[in-house]
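Q: This one is data25.cif, mmCIF, C-alpha atoms.
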```cif
data_start
loop_
_atom_site.label_atom_id
_atom_site.label_comp_id
_atom_site.auth_asym_id
_atom_site.auth_seq_id
_atom_site.Cartn_x
_atom_site.Cartn_y
_atom_site.Cartn_z
CA MET A 1428 184.43 107.69 29.87
CA SER A 1429 185.03 105.11 27.21
CA GLY A 1430 181.36 104.65 26.59
CA VAL A 1431 181.58 101.00 27.41
CA LEU A 1432 178.99 99.88 29.87
CA PRO A 1433 180.19 97.81 32.77
CA ASP A 1434 178.59 94.65 31.48
CA GLU A 1435 180.18 95.20 28.10
CA ARG A 1436 183.69 95.61 29.48
CA PRO A 1437 186.03 93.07 27.91
CA GLU A 1438 187.28 90.42 30.29
CA LYS A 1439 190.76 91.15 31.57
CA ALA A 1440 193.29 88.41 31.79
CA VAL A 1441 193.69 87.97 35.50
CA HIS A 1442 196.49 85.92 36.92
CA GLN A 1443 194.96 83.15 38.94
CA PRO A 1444 197.51 81.18 40.94
CA SER A 1445 196.78 77.51 40.95
CA ARG A 1446 195.26 76.59 44.26
CA PRO A 1447 195.09 73.13 45.73
CA GLU A 1448 191.57 71.88 45.62
CA ALA A 1449 189.97 72.51 48.97
CA PRO A 1450 188.77 69.34 50.63
CA GLU A 1451 185.08 69.04 50.88
CA ARG A 1452 183.88 69.97 54.29
CA ALA A 1453 180.69 68.85 55.86
CA PRO A 1454 178.50 71.80 56.79
CA LEU A 1455 178.62 72.80 60.45
CA THR A 1456 175.97 71.32 62.64
CA PRO A 1457 173.91 73.69 64.82
CA GLU A 1458 175.91 72.44 67.81
CA GLU A 1459 179.22 73.32 66.11
CA VAL A 1460 177.90 76.76 65.17
CA LYS A 1461 176.87 77.28 68.78
CA ARG A 1462 180.32 76.24 70.04
CA ARG A 1463 182.07 78.49 67.54
CA ARG A 1464 179.92 81.43 68.61
CA ALA A 1465 180.78 80.72 72.25
CA ARG A 1466 184.50 80.57 71.44
CA ASN A 1467 184.32 83.80 69.48
CA LEU A 1468 182.51 85.46 72.35
CA ALA A 1469 185.17 84.23 74.80
CA ILE A 1470 187.96 85.60 72.58
CA ALA A 1471 186.17 88.94 72.25
CA LEU A 1472 185.68 89.22 76.01
CA THR A 1473 189.32 88.27 76.62
CA LEU A 1474 190.57 90.91 74.18
CA GLY A 1475 188.28 93.50 75.75
CA ALA A 1476 189.54 92.62 79.21
CA LEU A 1477 193.13 92.87 77.96
CA CYS A 1478 192.46 96.38 76.61
CA VAL A 1479 191.10 97.45 80.00
CA LEU A 1480 194.04 95.80 81.76
CA PHE A 1481 196.63 97.49 79.54
CA TYR A 1482 194.94 100.82 80.16
CA ALA A 1483 194.89 100.25 83.93
CA VAL A 1484 198.53 99.12 83.97
CA THR A 1485 199.57 102.16 81.95
CA ILE A 1486 197.81 104.52 84.36
CA ALA A 1487 199.28 102.66 87.35
CA ARG A 1488 202.82 102.83 85.96
CA LEU A 1489 202.57 106.47 85.00
CA GLY A 1490 201.08 107.41 88.36
CA VAL A 1491 200.83 111.15 88.87
CA ASN A 1492 202.86 111.69 85.70
CA VAL A 1493 199.71 110.91 83.75
CA LEU A 1494 198.78 114.58 84.33
CA ASN A 1495 202.25 115.85 83.47
CA ARG A 1496 201.76 116.96 79.87
CA PRO A 1497 201.67 120.24 77.98
CA LEU A 1498 198.19 121.71 77.88
CA MET B 936 205.25 74.78 86.50
CA THR B 937 202.47 72.46 87.38
CA MET B 938 203.96 69.63 89.31
CA ILE B 939 201.18 70.03 91.81
CA THR B 940 198.66 67.44 90.68
CA ASP B 941 195.10 68.39 90.07
CA GLY B 942 193.60 65.53 92.01
CA LEU B 943 191.97 62.32 90.98
CA ALA B 944 189.08 63.83 89.05
CA GLU B 945 189.66 65.94 85.98
CA ASN B 946 187.54 68.75 84.64
CA GLY B 947 184.68 68.02 86.95
CA ARG B 948 183.32 65.48 84.52
CA ALA B 949 182.30 61.89 85.09
CA GLN B 950 185.18 59.53 85.70
CA GLY B 951 185.47 55.97 84.55
CA ALA B 952 183.62 56.44 81.30
CA ALA B 953 185.54 55.25 78.28
CA ALA B 954 186.98 58.01 76.15
CA PRO B 955 185.28 58.29 72.77
CA ALA B 956 187.40 57.25 69.82
CA ARG B 957 189.46 60.08 68.42
CA PRO B 958 188.23 61.05 64.96
CA ALA B 959 190.78 60.10 62.31
CA VAL B 960 190.00 63.14 60.19
CA SER B 961 188.45 66.36 61.33
CA ARG B 962 185.06 66.64 59.66
CA SER B 963 185.30 70.38 59.59
CA ALA B 964 187.93 73.08 59.45
CA VAL B 965 186.41 74.59 62.56
CA SER B 966 187.43 73.39 66.00
CA SER B 967 184.82 71.32 67.78
CA GLY B 968 186.04 72.26 71.24
CA GLU B 969 183.93 74.14 73.72
CA VAL B 970 185.24 77.09 75.71
CA ARG B 971 185.43 74.90 78.81
CA ASP B 972 187.66 72.43 76.93
CA TYR B 973 190.20 75.17 76.28
CA PHE B 974 189.88 76.25 79.88
CA ALA B 975 190.47 72.64 80.98
CA LEU B 976 193.69 72.61 78.92
CA LEU B 977 195.04 75.21 81.35
CA LYS B 978 194.67 72.82 84.33
CA PRO B 979 192.71 75.40 86.33
CA ARG B 980 193.15 73.68 89.71
CA VAL B 981 196.90 73.61 89.31
CA MET B 982 196.78 77.19 88.05
CA SER B 983 194.95 78.28 91.21
CA LEU B 984 197.66 76.71 93.40
CA VAL B 985 200.37 78.43 91.34
CA VAL B 986 198.60 81.79 91.74
CA PHE B 987 198.28 81.15 95.46
CA THR B 988 201.98 80.34 95.99
CA ALA B 989 203.05 83.23 93.73
CA LEU B 990 200.84 85.57 95.75
CA VAL B 991 202.56 84.42 98.93
CA GLY B 992 205.91 85.08 97.25
CA MET B 993 204.68 88.61 96.54
CA VAL B 994 203.50 89.34 100.07
CA VAL B 995 206.65 88.03 101.78
CA ALA B 996 208.81 90.12 99.43
CA LYS B 997 210.49 93.09 101.04
CA GLY B 998 209.06 95.73 98.79
CA HIS B 999 205.89 97.31 97.53
CA ILE B 1000 203.94 96.76 94.36
CA HIS B 1001 201.00 98.73 93.02
CA PRO B 1002 197.85 96.57 93.36
CA VAL B 1003 197.08 96.84 89.65
CA ILE B 1004 200.64 95.81 88.72
CA GLY B 1005 200.46 93.01 91.29
CA PHE B 1006 197.17 91.76 89.86
CA ALA B 1007 198.48 91.93 86.29
CA SER B 1008 201.66 90.10 87.32
CA LEU B 1009 199.65 87.34 89.00
CA LEU B 1010 197.49 87.07 85.89
CA ALA B 1011 200.60 86.67 83.74
CA ILE B 1012 201.97 83.99 86.08
CA ALA B 1013 198.60 82.21 86.01
CA VAL B 1014 198.45 82.27 82.22
CA GLY B 1015 202.07 81.07 82.04
CA ALA B 1016 201.17 78.18 84.34
CA GLY B 1017 198.13 77.44 82.21
CA ALA B 1018 200.26 77.53 79.07
CA SER B 1019 202.69 74.99 80.48
CA GLY B 1020 199.77 72.77 81.51
CA CYS B 1021 198.35 73.04 78.01
CA LEU B 1022 201.69 72.19 76.37
CA ASN B 1023 202.07 69.28 78.80
CA MET B 1024 198.66 67.95 77.73
CA TRP B 1025 199.65 68.36 74.08
CA TRP B 1026 202.87 66.37 74.57
CA ASP B 1027 201.39 63.72 76.87
CA ALA B 1028 198.14 63.13 74.94
CA ASP B 1029 199.23 59.58 74.08
CA ILE B 1030 199.76 58.54 77.68
CA ASP B 1031 196.78 60.55 78.92
CA ALA B 1032 194.60 58.43 76.64
CA VAL B 1033 195.49 55.18 78.41
CA MET B 1034 195.27 56.46 81.99
CA THR B 1035 191.83 56.49 83.63
CA ARG B 1036 192.73 59.67 85.55
CA THR B 1037 193.43 61.61 82.36
CA ALA B 1038 191.48 59.86 79.57
CA ARG B 1039 188.70 62.46 79.70
CA ARG B 1040 191.07 65.37 79.07
CA PRO B 1041 190.15 67.39 75.97
CA ILE B 1042 192.83 66.00 73.61
CA PRO B 1043 192.52 62.25 74.30
CA ALA B 1044 188.74 62.63 74.37
CA GLY B 1045 188.89 64.12 70.85
CA ARG B 1046 187.30 67.45 71.72
CA VAL B 1047 190.43 69.49 70.92
CA THR B 1048 193.14 68.48 68.45
CA GLY B 1049 196.80 68.35 69.39
CA GLU B 1050 197.59 71.11 66.91
CA GLU B 1051 194.99 73.39 68.46
CA ALA B 1052 196.38 72.74 71.93
CA LEU B 1053 199.94 73.37 70.74
CA ALA B 1054 199.00 76.68 69.12
CA PHE B 1055 196.95 77.70 72.15
CA GLY B 1056 199.73 76.78 74.59
CA LEU B 1057 202.53 78.48 72.64
CA THR B 1058 200.48 81.65 72.18
CA LEU B 1059 199.72 81.86 75.89
CA ALA B 1060 203.32 81.01 76.87
CA VAL B 1061 204.87 83.74 74.73
CA GLY B 1062 202.12 86.20 75.59
CA SER B 1063 202.37 85.64 79.34
CA VAL B 1064 206.16 86.08 79.41
CA LEU B 1065 206.04 89.27 77.32
CA PHE B 1066 203.17 90.61 79.38
CA LEU B 1067 205.01 89.95 82.66
CA GLU B 1068 208.08 91.73 81.28
CA LEU B 1069 205.90 94.71 80.36
CA VAL B 1070 204.03 95.00 83.65
CA ALA B 1071 206.77 93.89 86.08
CA ASN B 1072 210.38 93.32 85.03
CA TRP B 1073 212.60 91.04 82.98
CA VAL B 1074 213.79 89.02 86.01
CA ALA B 1075 210.24 87.85 86.76
CA ALA B 1076 209.55 87.30 83.07
CA GLY B 1077 212.80 85.35 82.65
CA LEU B 1078 211.94 83.16 85.63
CA LEU B 1079 208.47 82.52 84.21
CA ALA B 1080 209.95 81.62 80.81
CA PHE B 1081 212.46 79.27 82.46
CA THR B 1082 209.69 77.66 84.52
CA ILE B 1083 207.57 77.00 81.42
CA PHE B 1084 210.65 75.61 79.63
CA PHE B 1085 211.58 73.46 82.61
CA TYR B 1086 208.09 71.99 82.97
CA VAL B 1087 207.44 71.38 79.28
CA VAL B 1088 210.86 70.43 77.95
CA VAL B 1089 212.88 69.17 80.92
CA TYR B 1090 210.06 67.44 82.81
CA SER B 1091 207.37 66.53 80.25
CA MET B 1092 209.52 65.80 77.20
CA TRP B 1093 212.60 64.37 78.89
CA LEU B 1094 212.41 63.27 82.52
CA LYS B 1095 208.85 61.98 82.76
CA ARG B 1096 209.39 59.02 80.44
CA ALA B 1097 213.10 58.54 81.19
CA THR B 1098 213.63 58.16 84.93
CA PRO B 1099 211.76 57.29 88.13
CA GLN B 1100 213.32 60.44 89.59
CA ASN B 1101 211.16 62.43 87.13
CA ILE B 1102 209.04 64.18 89.71
CA VAL B 1103 211.97 64.78 92.08
CA ILE B 1104 213.85 66.91 89.54
CA GLY B 1105 210.74 68.09 87.72
CA GLY B 1106 209.31 69.24 91.03
CA ALA B 1107 211.43 72.36 90.69
CA ALA B 1108 208.98 73.60 88.06
CA GLY B 1109 206.15 73.72 90.58
CA ALA B 1110 208.37 75.35 93.18
CA PHE B 1111 209.30 78.46 91.18
CA PRO B 1112 206.08 80.55 91.50
CA PRO B 1113 206.93 82.12 94.91
CA MET B 1114 210.26 83.24 93.44
CA ILE B 1115 208.51 84.69 90.38
CA GLY B 1116 206.12 86.52 92.69
CA GLU B 1117 208.97 88.03 94.70
CA ALA B 1118 210.86 88.93 91.53
CA ALA B 1119 207.78 90.77 90.24
CA VAL B 1120 207.88 92.95 93.36
CA THR B 1121 211.60 93.47 93.94
CA GLY B 1122 213.27 92.54 90.66
CA SER B 1123 215.37 89.93 92.44
CA VAL B 1124 215.14 86.73 94.47
CA SER B 1125 216.03 86.38 98.15
CA VAL B 1126 216.56 83.59 100.68
CA ASP B 1127 212.94 84.03 101.80
CA THR B 1128 211.45 82.64 98.61
CA LEU B 1129 214.32 80.17 98.20
CA VAL B 1130 213.01 78.57 101.40
CA LEU B 1131 209.48 78.54 99.96
CA PHE B 1132 210.95 76.97 96.82
CA ALA B 1133 212.59 74.30 98.98
CA ILE B 1134 209.31 73.52 100.78
CA ILE B 1135 207.42 72.87 97.52
CA PHE B 1136 210.40 71.07 96.00
CA ILE B 1137 210.73 68.58 98.88
CA TRP B 1138 206.96 68.32 99.28
CA THR B 1139 206.47 67.16 95.68
CA PRO B 1140 207.93 63.61 95.91
CA PRO B 1141 205.80 62.36 98.85
CA HIS B 1142 202.74 64.08 97.37
CA PHE B 1143 203.21 62.62 93.92
CA TRP B 1144 204.41 59.17 94.98
CA ALA B 1145 201.35 58.77 97.22
CA LEU B 1146 199.25 59.27 94.08
CA ALA B 1147 201.56 56.96 92.10
CA LEU B 1148 201.02 54.18 94.66
CA VAL B 1149 197.27 54.43 94.11
CA LYS B 1150 197.52 54.78 90.34
CA SER B 1151 200.51 52.50 89.68
CA GLY B 1152 198.43 50.41 87.24
CA ASP B 1153 197.65 53.51 85.22
CA TYR B 1154 201.29 54.55 85.04
CA ALA B 1155 202.36 51.00 84.14
CA ARG B 1156 199.87 50.90 81.25
CA ALA B 1157 201.12 54.25 80.03
CA GLY B 1158 204.76 53.15 80.32
CA VAL B 1159 205.67 56.02 82.63
CA PRO B 1160 208.53 54.92 84.92
CA MET B 1161 207.10 56.12 88.21
CA LEU B 1162 208.97 54.93 91.29
CA PRO B 1163 206.38 52.29 92.37
CA ASN B 1164 206.59 50.67 88.93
CA VAL B 1165 210.38 50.70 88.77
CA ALA B 1166 211.63 50.27 92.36
CA GLY B 1167 208.47 48.71 93.78
CA PRO B 1168 205.85 49.92 96.26
CA ASP B 1169 207.92 49.20 99.38
CA ALA B 1170 210.92 51.20 98.18
CA THR B 1171 208.50 54.00 97.29
CA ARG B 1172 207.01 53.92 100.79
CA LEU B 1173 210.50 54.25 102.27
CA GLN B 1174 211.30 57.17 99.95
CA ILE B 1175 208.02 58.86 100.91
CA LEU B 1176 208.91 58.56 104.59
CA ILE B 1177 212.45 59.91 104.05
CA TYR B 1178 211.27 62.89 102.02
CA THR B 1179 208.55 63.63 104.58
CA LEU B 1180 211.11 63.61 107.39
CA LEU B 1181 213.19 66.06 105.35
CA LEU B 1182 210.15 68.18 104.54
CA VAL B 1183 208.95 68.87 108.07
CA PRO B 1184 212.03 70.80 109.31
CA VAL B 1185 212.20 72.72 106.02
CA GLY B 1186 208.50 73.50 106.46
CA ILE B 1187 209.15 74.94 109.93
CA ALA B 1188 212.25 76.87 108.80
CA PRO B 1189 210.39 80.08 107.79
CA ALA B 1190 209.44 80.57 111.44
CA PHE B 1191 213.13 80.72 112.34
CA LEU B 1192 214.12 82.91 109.40
CA GLY B 1193 211.72 85.72 110.21
CA ILE B 1194 209.41 84.90 107.31
CA GLY B 1195 206.70 83.33 109.45
CA GLY B 1196 205.50 84.19 112.92
CA VAL B 1197 204.28 82.20 115.91
CA ALA B 1198 201.09 81.12 114.14
CA TYR B 1199 203.19 79.78 111.29
CA ALA B 1200 205.48 77.96 113.72
CA LEU B 1201 202.52 76.26 115.39
CA VAL B 1202 200.71 75.35 112.17
CA SER B 1203 203.84 74.10 110.41
CA ALA B 1204 204.83 71.98 113.42
CA LEU B 1205 201.36 70.46 113.90
CA THR B 1206 200.70 69.79 110.22
CA GLY B 1207 204.28 68.51 109.90
CA LEU B 1208 203.51 65.96 112.60
CA GLY B 1209 200.39 65.09 110.63
CA MET B 1210 202.47 64.56 107.48
CA ILE B 1211 204.85 62.26 109.38
CA GLY B 1212 201.88 60.35 110.81
CA PHE B 1213 200.27 59.81 107.40
CA ALA B 1214 203.63 58.91 105.81
CA TRP B 1215 204.29 56.43 108.63
CA ARG B 1216 200.92 54.78 107.98
CA VAL B 1217 201.79 54.50 104.29
CA PHE B 1218 205.14 52.94 105.28
CA ARG B 1219 203.56 50.41 107.66
CA LEU B 1220 200.36 49.42 105.81
CA ARG B 1221 201.52 47.57 102.73
CA GLU B 1222 198.72 45.22 101.72
CA GLY B 1223 195.26 45.56 100.27
CA ASP B 1224 192.67 48.23 100.83
CA PRO B 1225 194.22 49.77 104.00
CA ALA B 1226 197.44 50.41 102.06
CA MET B 1227 195.54 52.16 99.25
CA LYS B 1228 193.53 54.22 101.73
CA ALA B 1229 196.70 55.24 103.58
CA ALA B 1230 198.24 56.48 100.33
CA GLN B 1231 195.06 58.33 99.37
CA ARG B 1232 194.94 60.00 102.78
CA LEU B 1233 198.58 61.08 102.55
CA PHE B 1234 197.91 62.49 99.07
CA ALA B 1235 194.90 64.46 100.31
CA PHE B 1236 196.62 65.64 103.50
CA SER B 1237 199.73 66.74 101.60
CA ILE B 1238 197.58 69.21 99.64
CA LEU B 1239 196.07 70.52 102.86
CA TYR B 1240 199.56 70.74 104.43
CA LEU B 1241 200.99 72.90 101.67
CA PHE B 1242 197.85 75.02 101.51
CA LEU B 1243 197.91 75.69 105.26
CA LEU B 1244 201.60 76.65 105.34
CA PHE B 1245 201.15 79.19 102.58
CA ALA B 1246 197.76 80.39 103.84
CA VAL B 1247 199.22 81.20 107.27
CA LEU B 1248 202.14 83.05 105.67
CA LEU B 1249 199.66 84.99 103.55
CA ALA B 1250 197.52 85.85 106.58
CA GLU B 1251 200.53 86.92 108.64
CA HIS B 1252 201.95 89.17 105.96
CA ALA B 1253 198.95 90.45 104.00
CA PHE B 1254 196.61 91.01 106.92
CA GLY B 1255 199.20 91.77 109.56
CA LEU B 1256 198.06 88.91 111.78
CA GLY B 1257 201.58 87.88 112.58
CA ALA B 1258 203.16 91.33 112.70
CA ALA B 1259 203.22 91.39 116.49
CA PHE B 1260 204.88 87.99 116.71
CA ARG B 1261 207.00 87.84 113.59
CA GLY B 1262 210.67 87.81 114.29
CA GLY B 1263 210.12 86.49 117.77
CA LEU B 1264 211.57 83.13 116.86
CA ALA B 1265 214.15 84.43 114.42
#
```
Here is a file; write its structure as structure tokens.
A:
Amino acid sequence: MSGVLPDERPEKAVHQPSRPEAPERAPLTPEEVKRRRARNLAIALTLGALCVLFYAVTIARLGVNVLNRPL
Amino acid sequence: MTMITDGLAENGRAQGAAAPARPAVSRSAVSSGEVRDYFALLKPRVMSLVVFTALVGMVVAKGHIHPVIGFASLLAIAVGAGASGCLNMWWDADIDAVMTRTARRPIPAGRVTGEEALAFGLTLAVGSVLFLELVANWVAAGLLAFTIFFYVVVYSMWLKRATPQNIVIGGAAGAFPPMIGEAAVTGSVSVDTLVLFAIIFIWTPPHFWALALVKSGDYARAGVPMLPNVAGPDATRLQILIYTLLLVPVGIAPAFLGIGGVAYALVSALTGLGMIGFAWRVFRLREGDPAMKAAQRLFAFSILYLFLLFAVLLAEHAFGLGAAFRGGLA
């Protein structure tokens, strides 16, 4: 509790690594946004399917041993 | 892995249209490709044939595999095949751009960049091999890795632009899937799938050279030393006939090795005669439109031939249709 309000806090010297200036990018067109959303959806569905597949493969490989655990 | 060609039309899109100019600089950091472009990079038609031949390798294997493990193994093989197709498109983008058959592919058409295709292909290649090792065994995974390496490095990067025997040697890549399928089931490879390997291996030259006769202008423009461009169409026709005559007895061989039954013997003999008939027409008809049509018909029939041989094997083994007869000729 220093009594200094947040907006009165002195500026700290923060190390800012020099970054190469990012090239200017044209904003995405609605069509590009739509394609990106479709790609993201495809990746999400693929990852979800992989999770299900890994689960199914694990159960298949364990077989009846899946029940063999201390209760 | 994908020596089996995916036909004259690519991606189900209009043929003959000029490819749009490739943008010199990407206007955005975000890919402009659609999901179907990435799917097209996997050469889905070739992938389906690889899955089909790998499935036959699985069902002829002397062993049992849990259906879930079998499905996951086939998926890994399919993705591995797709990865090799994707890496092939990445490497061959320059020659794809000047060939009418391939100019509409995602990279030459400018819908996906080469870097994106490379990253996509490498990710799928590594992922498919590791996944196959996890779900099946290291023998199958090792074979899949070797097949991807053989197709991308040995065939695409080296042989394709170096020798007119490119598809003869490179054909091995398309012939491995039955062996991978068997290895996924048994952890090893037997004579049974070696014979299936031999069928696809010897089938590849007449299949591919029939296409090369039709598309020799394309290959010449691209600077790919296909046999018709190097040795001439007549020498190619002779080679097609010789390889077809070698193929037919190898195609019938499974019936005498206990792999196929009576149905297989009949189908392989009849379709083998068909192959010889179409190859003979290609050999005899050397001028003009009839010569082109003969080559196109051989190309189309060769796909049907391979499909039928493997479909009958699948039916005999998976559905027990040939159980009563199998071994009768062996």
Q: What lies within 12 Å of Phe1242 in chain B using all atoms listed in the file, ignoring chain neighbours under 2 positions off, as a ChimeraX atom specification?
A: /B:939,983-988,991,1134-1135,1138,1186,1202-1203,1206,1235-1240,1244-1250
Q: If we count only C-alpha atoms and set the cut-off at 12 Å, which residues sit around range 1473-1478 of chain A, ignoring sequence neighbours fewer than 2 positions away in its own chain? Please answer as JSON, numbers by chain.
A: {"A": [1466, 1467, 1468, 1469, 1470, 1471, 1480, 1481, 1482, 1483, 1484, 1485], "B": [970, 1007, 1010, 1011, 1062, 1063, 1066]}
Q: What does the structure give for the distance between CA of Val1130 in chain B and CA of Leu1233 in chain B, in Å to one decimal?
A: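 Separating CA of Val1130 in chain B from CA of Leu1233 in chain B is a distance of 22.7 Å.
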Q: Hey, can you check how far CA of Leu1472 in chain A sits from CA of Ala1016 in chain B?
A: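 We find that CA of Leu1472 in chain A and CA of Ala1016 in chain B lie 20.8 Å from each other.
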Q: Neighbourhood query: residues within 9 Å of (205.9, 64.2, 106.5), file coordinates, counting all atoms listed in the file; return as an MDAnalysis selection string.
A: chainID B and resid 1138 1141 1175:1183 1206:1215 1233 1237
Q: Residues as selected, C-alpha atoms, written as a PDB file, in the coordinates of the input, can you do that?
A:
```pdb
ATOM      1  CA  TRP B1138     206.960  68.320  99.280  1.00  0.00           C
ATOM      2  CA  PRO B1141     205.800  62.360  98.850  1.00  0.00           C
ATOM      3  CA  ILE B1175     208.020  58.860 100.910  1.00  0.00           C
ATOM      4  CA  LEU B1176     208.910  58.560 104.590  1.00  0.00           C
ATOM      5  CA  ILE B1177     212.450  59.910 104.050  1.00  0.00           C
ATOM      6  CA  TYR B1178     211.270  62.890 102.020  1.00  0.00           C
ATOM      7  CA  THR B1179     208.550  63.630 104.580  1.00  0.00           C
ATOM      8  CA  LEU B1180     211.110  63.610 107.390  1.00  0.00           C
ATOM      9  CA  LEU B1181     213.190  66.060 105.350  1.00  0.00           C
ATOM     10  CA  LEU B1182     210.150  68.180 104.540  1.00  0.00           C
ATOM     11  CA  VAL B1183     208.950  68.870 108.070  1.00  0.00           C
ATOM     12  CA  THR B1206     200.700  69.790 110.220  1.00  0.00           C
ATOM     13  CA  GLY B1207     204.280  68.510 109.900  1.00  0.00           C
ATOM     14  CA  LEU B1208     203.510  65.960 112.600  1.00  0.00           C
ATOM     15  CA  GLY B1209     200.390  65.090 110.630  1.00  0.00           C
ATOM     16  CA  MET B1210     202.470  64.560 107.480  1.00  0.00           C
ATOM     17  CA  ILE B1211     204.850  62.260 109.380  1.00  0.00           C
ATOM     18  CA  GLY B1212     201.880  60.350 110.810  1.00  0.00           C
ATOM     19  CA  PHE B1213     200.270  59.810 107.400  1.00  0.00           C
ATOM     20  CA  ALA B1214     203.630  58.910 105.810  1.00  0.00           C
ATOM     21  CA  TRP B1215     204.290  56.430 108.630  1.00  0.00           C
ATOM     22  CA  LEU B1233     198.580  61.080 102.550  1.00  0.00           C
ATOM     23  CA  SER B1237     199.730  66.740 101.600  1.00  0.00           C
TER      24      SER B1237
END
```
Q: If we count all atoms listed in the file, which residues of chain B reach to within 12 Å of chain A? Please list them as number ranges by chain.
A: B: 960-974, 1000-1008, 1010-1011, 1046, 1055, 1062-1063, 1066-1067, 1069-1071
Q: Could you tell me which residues the PyMOL selection byres ((chain B and resi 1222-1231) around 8) returns for this structure, as a list in words?
A: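 In the shown coordinates, the PyMOL selection byres ((chain B and resi 1222-1231) around 8) covers Ala1145, Leu1146, Leu1148, Val1149, Phe1213, Arg1216, Val1217, Leu1220, Arg1221, Arg1232, Leu1233, Phe1234 and Ala1235 of chain B.
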Q: Listed atoms of range 1456-1461 of chain A, axis-aligned box, 3 Å per side: centre and edge lengths to one decimal in Å, as JSON?
A:
```
{"center_x": 176.6, "center_y": 74.3, "center_z": 65.7, "size_x": 11.3, "size_y": 12.0, "size_z": 12.1}
```
Q: Looking at B:Ala1044, B:Val1089, B:Ile1012, B:Met1024, which one is nearest to Val1064 in chain B, with distances taken over all atoms listed in the file?
A: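 Answer, going by the shortest atom-to-atom distance: B:Ile1012.
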Q: Just to confirm, what's the straight-line distance from CA of Ala1018 in chain B to CA of Lys1095 in chain B in Å (one decimal)?
A: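 Here the two named atoms are 18.1 Å from each other.
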Q: Since I can't run it myself right now, could you work out what the PyMOL selection byres ((chain B and resi 1106) around 9) selects here and report it as a list in words?
A: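 So the PyMOL selection byres ((chain B and resi 1106) around 9), applied here, picks out Met936, Thr937, Met938, Ile939, Tyr1086, Tyr1090, Asn1101, Ile1102, Val1103, Ile1104, Gly1105, Ala1107, Ala1108, Gly1109, Ala1110, Ile1135, Phe1136, Ile1137, Trp1138, Thr1139 and Pro1140 of chain B.
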Q: Give as a ChimeraX atom specification the residues that the PyMOL selection byres ((chain B and resi 1157-1174) around 6) matches when applied to the coordinates above.
A: /B:1030,1033,1096,1099,1154-1156,1175-1177,1218
Q: Using all atoms listed in the file, which of the listed residues (B:Lys1150, B:His1142, B:His1252, B:Arg1040) sits closest to Lys978 in chain B?
A: B:Arg1040
